[in-house]
Structure formats: structure tokens, C-alpha cells
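Chemist: One structure coming up, written as C-alpha cells, with questions to follow.
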Amino acid sequence: MKEHDSYVFAGRRRFLLGMAAGSVACLWPNAWAQPMPSLKTGRLIVVFLRGAYDGLSATIPYADRDYQRLRPTIAIPAPDGTHQTSIQLDATFALHPALAPLLPMWRTGVLAFVPASGSPDPTRSHFEAQTHWEIGMPGKSNAPRGWLNALAGMAATSGSVAAGIGVGDSNPKILSGPDTVRLIPRGKAAATEGSLGNQRTREALLDLYGGDDDISQAFRQGADSRMSSTRQLSAEEQADQIGASAAGLPLDARHLGTLMHNDRALRVGFLSVGGWDTHANQGGLSGGLATSFGSLAAALVQLRADFSEPGDIIVVASEFGRTCAENGTRGTDHGHGNTLWLIGNRIAGGRWHGTWSGLSLANLYEGRDLPVHHDFRSIFAQVLQSGFGLRDAQLQDLFPGAKEDTRLGRLVI
């Protein structure tokens with residue numbers, strides 16, 4: 001074992017605005033070695049890969065003799081310096097070649113990963129696991145808010161000014177709650193005005209919600225936000241002609257960067273993409289998963305270009321991992337532990353963190369999966385303590401019941 005917009009919404013307002021659019025232990029005791037002073041201007045970007053991506057094909061434990069045995073047809077070949085194998089990171093792990101654009105970040109020390117992390121809850125249900133991640137409470141089925149909504153509330157300078165933004169999902173649980181956030185649709189739809197683009201419809205809606213009550217004010221604020229976001233993104237696409245050259249996750253990443261660059265009050269960003277449930281014909285060096293990795297790499301390069309200030313941190317995660325062994329259809333099934341990525345100037349990068357116990361049968365969770373050695377909440381807590389200067393009580397509010405994990409070491413320097 002090794003140690004190593006469419007709309008602004010708030011609470012009950014989401015339903016009405018969505019209709020218009022569509023016509024307990026302390027986490028970090030004082031004895032913990034403190035990082036550099038927190039930067040109150042830092043930004044957190046969470047990239048969530050829905051469907052449970054296969055971390056064992058991204059960060060490949062090539063030196064483990066059980067890896068090839070468990071994956072006789074989909075294992076990524078051990079590094080040999082050619083383009084037909086994985087890319088060596090250190091004596092334990094290698095990188096899928098489709099993720100090669102991330103190598104400069106690794107080599108300059110701004111990219112790190114935690115290889116056996118995730119939610120401690122044993123569920124293999126996508127729906128349940130994603131809920132646990134998004135509310136910050138493994139094992140719970142519901143909460144009045146998502147933890148990024150709560151974080152946005154802590155980071156907001158004014159209750160009426162959004163500090164959080166989500167691109168992709170129309171209604172992400174992680175951003176739901178009483179605090180104001182912005183939501184932007186996926187892809188090219190983000191640069192269109194939707195039903196608000198029709199002048200008669202827009203005037204009718206603004207007349208309908210012309211009062212001084214909370215719902216009317218929320219609608220007008222949401223409409224202004226949508227129109228403003230559309231103008232910014234439309235101008236960007238016209239200027240750079242990116243509409244035809246970028247699509248999918250890289251385009252969503254660019255939209256997120258543009259909007260957060262133009263509005264410095266936005267300090268919390270959420271970006272998600274599905275399609276990672278690879279039960280059959282997963283592929284190895286090429287195939288469906290490799291294509292997804294290429295898209296992910298391009299998106300992360302874009303995010304790193306837009307979020308490279310000292311306090312900025314990008315985290316890439318998924319609801320759980322996949323089985324260590326391939327199945328009969330040359331894919332992988334729902335698993336447990338997985339690889340979580342961290343990118344930022346203050347990340348202790350160019351290395352992996354935490355515990356890696358290998359792929360021998362005795363060390364697998366229920367004899368089939370990577371274990372979860374590191375609770376995702378402990379990882380985020382360390383990041384937020386440094387980047388946002390959150391106190392122990394605030395961290396406990398975001399992640400009730402989470403505890404310090406000294407095996408991680410210092411992720412943020």
C-alpha cells in the first residue's frame with residue numbers, strides 16, 4: 001500500500017422562471033498544517049462527469065500486474081515511449097494518450113489527482129450517488145440545497161448578486177437552493193435568447209411580471225441575466241468564429257470562462273456532461289471512451305487558460321468509479337472508488353495524493369472495485385479552506401459529518 005443562463009433562480013422561483021424559459025467532527029483542526037493565506041478572490045470550478053467515468057483508463061496503474069489480468073481486451077498498454085501506449089507519469093501510474101494535452105499541467109506542477117476517492121456510500125445507483133455528491137451528504141436522499149449553492153451564498157457580496165453559475169444541466173441539484181445563481185444551457189443554445197428573443201413574448205412576460213413582489217423581481221432579474229449572457233456569448237462566437245469549430249464540453253467550458261471573466265462576482269462554476277456509462281465496447285487506445293477523454297482534455301485546457309489566477313482551482317469528479325475487471329461485452333460496470341483531478345497554481349501538482357492499495361483481489365472493495373480511501377468531502381474541504389478561507393463551521397455546514405483525512409497530505413500549498 002502506498003501513501004502518497006438561462007436564468008437567475010432562488011428557491012421557489014425556479015419553477016416560474018423555468019416555465020418562462022421553455023415557454024459531527026470538525027473537518028480541519030487548528031493543529032493541521034496551514035497552507036498559504038487564503039485568497040478571497042479565488043474561484044472554484046467543478047467539472048462533473050455524469051455516468052461514472054472509468055478512472056482506471058485515465059490514470060492507468062500500469063505497474064500493477066493485476067491490471068492486464070483484469071482487463072485482457074481493454075487494458076491500455078504500459079508506456080514504452082510510443083503513441084500506441086499509455087504515457088508514463090511516475091513509477092505507478094500512466095496517462096491515457098487521449099489525455100496527453102494535460103501533460104504540460106502535470107509537468108509544471110499544477111495538476112494532481114487522488115486515485116481512490118469518492119463517496120463512502122456503497123450505492124451503485126447513478127441517481128442516488130449523484131444526489132449524495134450534489135448535496136454533500138452521502139447516504140441522504142434529499143436536502144434543502146446543493147452544497148455549491150450554499151458555497152455561492154457564502155461567497156456572494158450581495159444577496160441579489162449571483163456568485164455561482166452552472167453551464168449544461170437545466171436544473172442541477174448541486175446549485176439548487178435559496179441563494180441566487182445563474183444557469184446557462186448547454187452548447188450553442190447558450191448564445192440564443194430562447195422565448196425572450198421574441199419581442200412580443202418578451203414584452204408580454206415583462207408586463208406580466210412588472211410588479212414589485214419577489215417573484216416579479218426575480219423574473220426580471222432572470223430575464224436581464226439571460227439577455228446579457230446571450231449578448232456576451234453571441235459576440236464571442238461571432239468574433240472568434242468558434243461556433244463551427246468547437247462543440248460539446250469544450251464549448252461549454254469556453255462559455256463558462258467568458259461569463260465568469262466578464263462578471264467577477266461569479267466565484268463558483270459548475271460544468272457537467274453525461275455519456276460516461278461504458279457498459280459495452282468501452283474501447284482502449286481508441287473507441288468511445290478515448291473520444292470522450294479527448295473532449296475532456298480539450299475542455300480542461302480551455303478552463304485552465306481561463307482560470308489560471310493564483311486562487312483558481314478546477315476539480316474533476318464523477319459519482320463513482322467502474323469495476324476493475326472488464327465484463328463480457330468489453331466494457332465495465334458500476335463500481336466504487338475513482339480518480340478525482342485537481343488543477344490550479346496552488347495545487348501540489350505533478351504527483352498523486354493519498355493511498356493506493358493496488359488491484360489484488362484482497363484489496364478490492366467487495367472483491368471487484370477500487371475502494372474509497374478518501375471521502376470527496378475531505379478533498380473539497382481542504383480546497384475550500386485554502387481558496388475561500390472557509391472556517392471549520394462553514395465547512396461542516398457544507399459537508400455535515402465529514403472528517404479530516406490526514407492521509408491526503410497537503411493538496412494545496
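Within each chain, counting starts at residue 1; across the C-alpha cells, chains are named A, B, ... in the order shown, with ligands numbered 1 upward in that order.
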Env of Ile379 (chain A): 8 Å cut, atoms = only C-alpha atoms, seq-sep filter 5 positions within chain, self excluded. Answer as a compact mmCIF listing (two decimals) with C-alpha atoms, in the first residue's frame.
Modeler:
```txt
# COMPACT_ATOMS: atom_id res chain seq x y z
CA HIS A 374 -10.61 9.24 0.54
CA LEU A 408 -4.22 13.03 1.79
CA LEU A 411 -3.27 19.14 -1.62
```
Chemist: Excluding Leu148 (chain A) and residues on its chain fewer than 2 positions from it, collect all residues at most 9 Å away from it, counting only C-alpha atoms, and give them as number ranges by chain.
Modeler: A: 134-136, 145-146, 150-153, 164, 174-176, 268-270, 398
Chemist: Using only C-alpha atoms, find each residue in region 313-366 of chain A having at least one atom no more than 10 Å away from region 271-285 of chain A; report its shortest atom-to-atom pair and that distance in Å (one decimal), rows by chain then rising number, as JSON lines.
Modeler:
```
{"residue": "A:Val316", "atom": "CA", "partner": "A:Leu271", "partner_atom": "CA", "distance": 9.5}
{"residue": "A:Ala317", "atom": "CA", "partner": "A:Ser272", "partner_atom": "CA", "distance": 9.7}
{"residue": "A:Ser318", "atom": "CA", "partner": "A:Trp276", "partner_atom": "CA", "distance": 9.1}
{"residue": "A:Gly321", "atom": "CA", "partner": "A:Asp277", "partner_atom": "CA", "distance": 9.8}
{"residue": "A:Arg322", "atom": "CA", "partner": "A:Thr278", "partner_atom": "CA", "distance": 8.7}
{"residue": "A:Thr323", "atom": "CA", "partner": "A:His279", "partner_atom": "CA", "distance": 10.0}
{"residue": "A:Glu326", "atom": "CA", "partner": "A:His279", "partner_atom": "CA", "distance": 8.9}
{"residue": "A:Asn327", "atom": "CA", "partner": "A:His279", "partner_atom": "CA", "distance": 7.8}
{"residue": "A:Gly328", "atom": "CA", "partner": "A:Ala280", "partner_atom": "CA", "distance": 8.3}
{"residue": "A:Thr329", "atom": "CA", "partner": "A:Ala280", "partner_atom": "CA", "distance": 5.0}
{"residue": "A:Arg330", "atom": "CA", "partner": "A:Asn281", "partner_atom": "CA", "distance": 5.1}
{"residue": "A:Gly331", "atom": "CA", "partner": "A:Ala280", "partner_atom": "CA", "distance": 4.1}
{"residue": "A:Thr332", "atom": "CA", "partner": "A:His279", "partner_atom": "CA", "distance": 5.0}
{"residue": "A:Asp333", "atom": "CA", "partner": "A:His279", "partner_atom": "CA", "distance": 5.5}
{"residue": "A:His334", "atom": "CA", "partner": "A:Asp277", "partner_atom": "CA", "distance": 8.1}
```
Chemist: Would you tabulate, counting only C-alpha atoms, all residues of region 60-120 of chain A that have an atom at most 9 Å from an atom of region 291-295 of chain A, showing the closest pair of atoms and their distance in Å to one decimal, sorted by chain then ascending number, as a tab-separated table?
Modeler:
```
residue	atom	partner	partner_atom	distance
A:His96	CA	A:Phe293	CA	8.2
A:Pro97	CA	A:Gly294	CA	8.8
A:Ala98	CA	A:Gly294	CA	5.0
A:Leu99	CA	A:Phe293	CA	6.0
A:Ala100	CA	A:Gly294	CA	8.6
A:Pro101	CA	A:Gly294	CA	8.5
```
Chemist: Save the residues we just selected, N, CA and C atoms, as a CSV table (one decimal), in the first residue's frame?
Modeler:
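And here's selection.csv as it stands now:
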```csv
chain,number,residue,atom,x,y,z
A,96,HIS,N,-3.8,8.0,-20.1
A,96,HIS,CA,-4.3,7.6,-21.4
A,96,HIS,C,-3.8,8.6,-22.4
A,97,PRO,N,-3.4,8.2,-23.6
A,97,PRO,CA,-2.8,9.1,-24.6
A,97,PRO,C,-3.8,10.1,-25.1
A,98,ALA,N,-5.1,9.9,-25.0
A,98,ALA,CA,-6.1,10.9,-25.4
A,98,ALA,C,-6.1,12.1,-24.4
A,99,LEU,N,-5.5,11.9,-23.2
A,99,LEU,CA,-5.4,13.0,-22.3
A,99,LEU,C,-4.1,13.6,-22.3
A,100,ALA,N,-3.3,13.4,-23.3
A,100,ALA,CA,-1.9,14.0,-23.5
A,100,ALA,C,-1.9,15.5,-23.4
A,101,PRO,N,-2.9,16.2,-23.8
A,101,PRO,CA,-2.9,17.7,-23.7
A,101,PRO,C,-2.8,18.2,-22.2
```
Chemist: For the atom pair CA of Ile60 (chain A) and CA of Ser360 (chain A), what is the interatomic distance in Å to one decimal place?
Modeler: 14.9 Å
Chemist: Write out as JSON, numbers by chain the set of residues from region 37-67 of chain A that DSSP, computed on the backbone, places in helix (DSSP H, G or I).
Modeler: {"A": [55, 56, 57, 58, 65, 66, 67]}
Chemist: Using the selection just defined, write its residues with N, CA and C atoms as a CSV table (one decimal), in the first residue's frame.
Modeler:
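Resulting contents of result-v4.csv:
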```csv
chain,number,residue,atom,x,y,z
A,55,GLY,N,-11.9,5.7,-14.3
A,55,GLY,CA,-10.6,6.3,-13.9
A,55,GLY,C,-9.4,5.4,-14.1
A,56,LEU,N,-9.7,4.1,-14.2
A,56,LEU,CA,-8.6,3.1,-14.4
A,56,LEU,C,-8.1,3.2,-15.8
A,57,SER,N,-8.9,3.8,-16.7
A,57,SER,CA,-8.4,4.0,-18.1
A,57,SER,C,-7.8,5.4,-18.3
A,58,ALA,N,-8.0,6.3,-17.3
A,58,ALA,CA,-7.5,7.6,-17.4
A,58,ALA,C,-6.1,7.7,-16.7
A,65,ARG,N,0.6,-5.8,-11.7
A,65,ARG,CA,0.5,-7.0,-12.5
A,65,ARG,C,-0.9,-7.5,-12.7
A,66,ASP,N,-1.8,-7.0,-11.8
A,66,ASP,CA,-3.2,-7.5,-11.9
A,66,ASP,C,-4.0,-6.7,-13.0
A,67,TYR,N,-3.5,-5.5,-13.4
A,67,TYR,CA,-4.2,-4.7,-14.3
A,67,TYR,C,-4.5,-5.4,-15.6
```
Chemist: What is the CA of Pro250 (chain A)-CA of Val181 (chain A) distance in Å, reported with one decimal?
Modeler: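 Interatomic distance, CA of Pro250 (chain A) to CA of Val181 (chain A): 21.9 Å.
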